[in-house]
Amino acid sequence: MVVKRIAAGADHAGVRLKDELVNHLRAGGHEVIDCGTHGPDRVDYPDYGEAVARKVAAGEVEMGLCVCGTGIGIAMAANKVPGVRAATVHDVTSARLTRAHNDANVICLGERLIGPELAREALETFLDTAFEEGRHAPRVAKINALLPGPKGTPESEGEG
């Protein structure tokens, strides 16, 4: 496994799994920036998805790790940041394919849906899998080119 810089973040529903995965990553020699949260008090997942995504988009880290109860909401938040391709992953196969085919740069996990051992395996697979490029590159380019608003709205046309 190649050593990477990784940003990690979670809400209260994912903090235990995030902490376990951060410790696992650090034990494996990775440099981890822990964006929080750091306890069980209720917080809002968009804040942590955004914090991780901004570090990825700015190039401060190579990859991101987000955890909430399902991995879905935090992925939605992270994907609002241009340059981020966050994917909710439930197993090793989805972790491998989202890197190989979609060049995802943020893995999102649901603490309520995936156990710690499987989460570790999925995370390791995500980090170890390279983007295949080839036929997938034009599709990822289309994802990257999508504009923030619905097609044909002033927001998407750069007006307003």
# chains A, B, ... in the order shown; residues from 1 in each chain; ligands from 1
$ residues_around --residues "segment 37-40 of chain A" --least-positions-apart "6" --cutoff "6 Å" --atoms "only C-alpha atoms" --output "PyMOL selection string"
chain A and resi 10-12
$ write_last_selection --atoms "all heavy atoms" --output "mmCIF file, in the first residue's frame"
data_model
loop_
_atom_site.group_PDB
_atom_site.id
_atom_site.type_symbol
_atom_site.label_atom_id
_atom_site.label_comp_id
_atom_site.auth_asym_id
_atom_site.auth_seq_id
_atom_site.Cartn_x
_atom_site.Cartn_y
_atom_site.Cartn_z
ATOM 1 N N ALA A 10 -16.585 12.821 10.168
ATOM 2 C CA ALA A 10 -17.809 12.079 10.473
ATOM 3 C C ALA A 10 -18.709 12.922 11.341
ATOM 4 O O ALA A 10 -18.252 13.816 12.049
ATOM 5 C CB ALA A 10 -17.481 10.775 11.201
ATOM 6 N N ASP A 11 -19.986 12.581 11.311
ATOM 7 C CA ASP A 11 -20.914 13.167 12.271
ATOM 8 C C ASP A 11 -20.983 12.247 13.489
ATOM 9 O O ASP A 11 -20.220 11.276 13.600
ATOM 10 C CB ASP A 11 -22.292 13.396 11.633
ATOM 11 C CG ASP A 11 -23.062 12.122 11.317
ATOM 12 O OD1 ASP A 11 -22.523 11.001 11.495
ATOM 13 O OD2 ASP A 11 -24.217 12.240 10.886
ATOM 14 N N HIS A 12 -21.898 12.549 14.400
ATOM 15 C CA HIS A 12 -22.026 11.763 15.631
ATOM 16 C C HIS A 12 -22.405 10.307 15.365
ATOM 17 O O HIS A 12 -22.034 9.428 16.129
ATOM 18 C CB HIS A 12 -23.072 12.406 16.557
ATOM 19 C CG HIS A 12 -24.422 12.511 15.921
ATOM 20 N ND1 HIS A 12 -24.718 13.463 14.965
ATOM 21 C CD2 HIS A 12 -25.544 11.775 16.089
ATOM 22 C CE1 HIS A 12 -25.972 13.308 14.583
ATOM 23 N NE2 HIS A 12 -26.498 12.292 15.243
#
$ select_by_dssp --residues "chain A" --states "alpha helix (DSSP H)" --output "JSON, numbers by chain"
{"A": [15, 16, 17, 18, 19, 20, 21, 22, 23, 24, 25, 26, 27, 45, 46, 47, 48, 49, 50, 51, 52, 53, 54, 55, 56, 57, 72, 73, 74, 75, 76, 77, 78, 92, 93, 94, 95, 96, 97, 98, 99, 100, 101, 102, 116, 117, 118, 119, 120, 121, 122, 123, 124, 125, 126, 127, 128, 137, 138, 139, 140, 141, 142, 143, 144, 145, 154, 155, 156, 157]}
$ residues_around --residues "Ala75 of chain A" --least-positions-apart "2" --cutoff "8 Å" --atoms "only C-alpha atoms" --output "PyMOL selection string"
chain A and resi 49+66+71-73+77-79+86-88+108
$ write_last_selection --atoms "N, CA, C and O atoms" --output "compact mmCIF listing (two decimals), in the first residue's frame"
# COMPACT_ATOMS: atom_id res chain seq x y z
N GLY A 49 -18.75 16.54 5.85
CA GLY A 49 -18.56 16.17 4.45
C GLY A 49 -17.90 17.30 3.68
O GLY A 49 -16.99 17.08 2.87
N CYS A 66 -15.25 9.75 4.66
CA CYS A 66 -16.40 10.33 5.37
C CYS A 66 -17.27 9.20 5.92
O CYS A 66 -17.48 8.19 5.26
N GLY A 71 -23.77 6.82 5.30
CA GLY A 71 -22.79 7.17 4.28
C GLY A 71 -23.41 7.93 3.12
O GLY A 71 -22.69 8.41 2.24
N ILE A 72 -24.71 8.08 3.12
CA ILE A 72 -25.40 8.71 1.99
C ILE A 72 -25.41 10.23 2.12
O ILE A 72 -24.99 10.94 1.22
N GLY A 73 -25.88 10.73 3.24
CA GLY A 73 -25.99 12.18 3.42
C GLY A 73 -24.65 12.88 3.33
O GLY A 73 -24.51 13.93 2.70
N ALA A 77 -23.31 15.77 0.62
CA ALA A 77 -22.68 17.04 1.00
C ALA A 77 -21.31 17.16 0.34
O ALA A 77 -20.99 18.21 -0.25
N ALA A 78 -20.49 16.14 0.42
CA ALA A 78 -19.14 16.19 -0.14
C ALA A 78 -19.18 16.42 -1.65
O ALA A 78 -18.35 17.16 -2.20
N ASN A 79 -20.16 15.84 -2.31
CA ASN A 79 -20.25 15.98 -3.77
C ASN A 79 -20.66 17.38 -4.23
O ASN A 79 -20.57 17.67 -5.42
N ALA A 86 -17.37 11.79 -4.50
CA ALA A 86 -17.57 10.99 -3.28
C ALA A 86 -18.55 9.86 -3.58
O ALA A 86 -19.57 10.08 -4.24
N ALA A 87 -18.24 8.67 -3.08
CA ALA A 87 -19.09 7.52 -3.32
C ALA A 87 -19.37 6.77 -2.03
O ALA A 87 -18.46 6.51 -1.25
N THR A 88 -20.64 6.45 -1.83
CA THR A 88 -21.03 5.61 -0.71
C THR A 88 -20.70 4.17 -1.08
O THR A 88 -21.08 3.68 -2.14
N CYS A 108 -17.22 7.07 1.28
CA CYS A 108 -18.22 7.36 2.32
C CYS A 108 -18.80 6.04 2.81
O CYS A 108 -19.18 5.18 2.02
$ closest_residue --among "A:Val2, A:Val92, A:Ala58, A:Ala8" --to "Ile74 of chain A" --atoms "only C-alpha atoms"
A:Ala8
$ closest_residue --among "A:Val56, A:Ala13, A:Leu97, A:Cys35" --to "Glu132 of chain A" --atoms "only C-alpha atoms"
A:Leu97
$ atom_distance --atom1 "atom CA of Asp103 of chain A" --atom2 "atom CA of Gly134 of chain A"
11.7 Å
$ atom_distance --atom1 "atom CA of Phe131 of chain A" --atom2 "atom CA of Arg99 of chain A"
5.5 Å
$ closest_residue --among "A:Glu20, A:Gly83, A:Ile33, A:Gly9" --to "Tyr48 of chain A" --atoms "only C-alpha atoms"
A:Gly9
$ select_by_dssp --residues "chain A" --states "strand (DSSP E)" --output "list in words"
Arg5, Ile6, Ala7, Ala8, Gly9, Ala10, Glu31, Val32, Ile33, Asp34, Met63, Gly64, Leu65, Cys66, Val67, Cys68, Ala86, Ala87, Thr88, Val106, Ile107, Cys108, Leu109 and Gly110 of chain A
$ write_last_selection --atoms "N, CA, C and O atoms" --output "CSV table (one decimal), in the first residue's frame"
chain,number,residue,atom,x,y,z
A,5,ARG,N,-1.9,10.9,2.0
A,5,ARG,CA,-2.5,11.9,2.9
A,5,ARG,C,-4.0,11.8,2.8
A,5,ARG,O,-4.5,11.9,1.6
A,6,ILE,N,-4.7,11.7,3.9
A,6,ILE,CA,-6.1,11.4,3.8
A,6,ILE,C,-6.8,12.3,4.8
A,6,ILE,O,-6.3,12.5,6.0
A,7,ALA,N,-7.9,13.0,4.4
A,7,ALA,CA,-8.7,13.7,5.3
A,7,ALA,C,-9.9,12.8,5.8
A,7,ALA,O,-10.5,12.1,4.9
A,8,ALA,N,-10.3,12.9,7.0
A,8,ALA,CA,-11.3,12.1,7.5
A,8,ALA,C,-12.3,12.9,8.3
A,8,ALA,O,-11.9,13.8,9.0
A,9,GLY,N,-13.6,12.6,8.2
A,9,GLY,CA,-14.6,13.4,8.9
A,9,GLY,C,-15.9,12.5,9.1
A,9,GLY,O,-16.1,11.6,8.3
A,10,ALA,N,-16.6,12.8,10.2
A,10,ALA,CA,-17.8,12.1,10.5
A,10,ALA,C,-18.7,12.9,11.3
A,10,ALA,O,-18.3,13.8,12.0
A,31,GLU,N,-0.8,9.5,6.6
A,31,GLU,CA,-0.9,10.7,7.3
A,31,GLU,C,-2.4,11.1,7.2
A,31,GLU,O,-3.0,11.2,6.1
A,32,VAL,N,-3.1,11.3,8.3
A,32,VAL,CA,-4.5,11.6,8.4
A,32,VAL,C,-4.8,12.9,9.0
A,32,VAL,O,-4.2,13.2,10.1
A,33,ILE,N,-5.5,13.7,8.4
A,33,ILE,CA,-6.1,15.0,9.0
A,33,ILE,C,-7.5,14.7,9.4
A,33,ILE,O,-8.4,14.4,8.6
A,34,ASP,N,-7.7,14.7,10.7
A,34,ASP,CA,-9.0,14.4,11.3
A,34,ASP,C,-9.8,15.7,11.4
A,34,ASP,O,-9.5,16.5,12.2
A,63,MET,N,-6.9,11.8,-0.7
A,63,MET,CA,-8.2,11.1,-0.6
A,63,MET,C,-8.9,11.6,0.6
A,63,MET,O,-8.3,12.1,1.5
A,64,GLY,N,-10.2,11.3,0.6
A,64,GLY,CA,-11.0,11.6,1.8
A,64,GLY,C,-11.8,10.4,2.2
A,64,GLY,O,-12.1,9.5,1.5
A,65,LEU,N,-12.1,10.4,3.5
A,65,LEU,CA,-12.9,9.4,4.2
A,65,LEU,C,-14.0,10.1,5.0
A,65,LEU,O,-13.7,10.9,5.8
A,66,CYS,N,-15.3,9.8,4.7
A,66,CYS,CA,-16.4,10.3,5.4
A,66,CYS,C,-17.3,9.2,5.9
A,66,CYS,O,-17.5,8.2,5.3
A,67,VAL,N,-17.8,9.4,7.1
A,67,VAL,CA,-18.7,8.4,7.8
A,67,VAL,C,-19.8,9.1,8.4
A,67,VAL,O,-19.7,10.1,9.1
A,68,CYS,N,-21.0,8.6,8.2
A,68,CYS,CA,-22.2,9.1,8.9
A,68,CYS,C,-23.0,7.8,9.2
A,68,CYS,O,-22.5,6.7,9.0
A,86,ALA,N,-17.4,11.8,-4.5
A,86,ALA,CA,-17.6,11.0,-3.3
A,86,ALA,C,-18.6,9.9,-3.6
A,86,ALA,O,-19.6,10.1,-4.2
A,87,ALA,N,-18.2,8.7,-3.1
A,87,ALA,CA,-19.1,7.5,-3.3
A,87,ALA,C,-19.4,6.8,-2.0
A,87,ALA,O,-18.5,6.5,-1.3
A,88,THR,N,-20.6,6.5,-1.8
A,88,THR,CA,-21.0,5.6,-0.7
A,88,THR,C,-20.7,4.2,-1.1
A,88,THR,O,-21.1,3.7,-2.1
A,106,VAL,N,-13.2,10.4,-2.6
A,106,VAL,CA,-13.7,10.3,-1.2
A,106,VAL,C,-14.6,9.1,-1.1
A,106,VAL,O,-15.5,8.9,-1.8
A,107,ILE,N,-14.2,8.3,-0.1
A,107,ILE,CA,-15.0,7.1,0.2
A,107,ILE,C,-16.0,7.5,1.4
A,107,ILE,O,-15.5,8.1,2.4
A,108,CYS,N,-17.2,7.1,1.3
A,108,CYS,CA,-18.2,7.4,2.3
A,108,CYS,C,-18.8,6.0,2.8
A,108,CYS,O,-19.2,5.2,2.0
A,109,LEU,N,-18.8,5.9,4.1
A,109,LEU,CA,-19.3,4.7,4.7
A,109,LEU,C,-20.4,5.0,5.8
A,109,LEU,O,-20.4,6.0,6.4
A,110,GLY,N,-21.2,4.0,6.0
A,110,GLY,CA,-22.3,4.1,6.9
A,110,GLY,C,-22.1,3.2,8.1
A,110,GLY,O,-22.1,2.0,8.0
$ closest_residue --among "A:Gly36, A:Glu121, A:Leu25, A:Val89" --to "Glu50 of chain A" --atoms "only C-alpha atoms"
A:Gly36
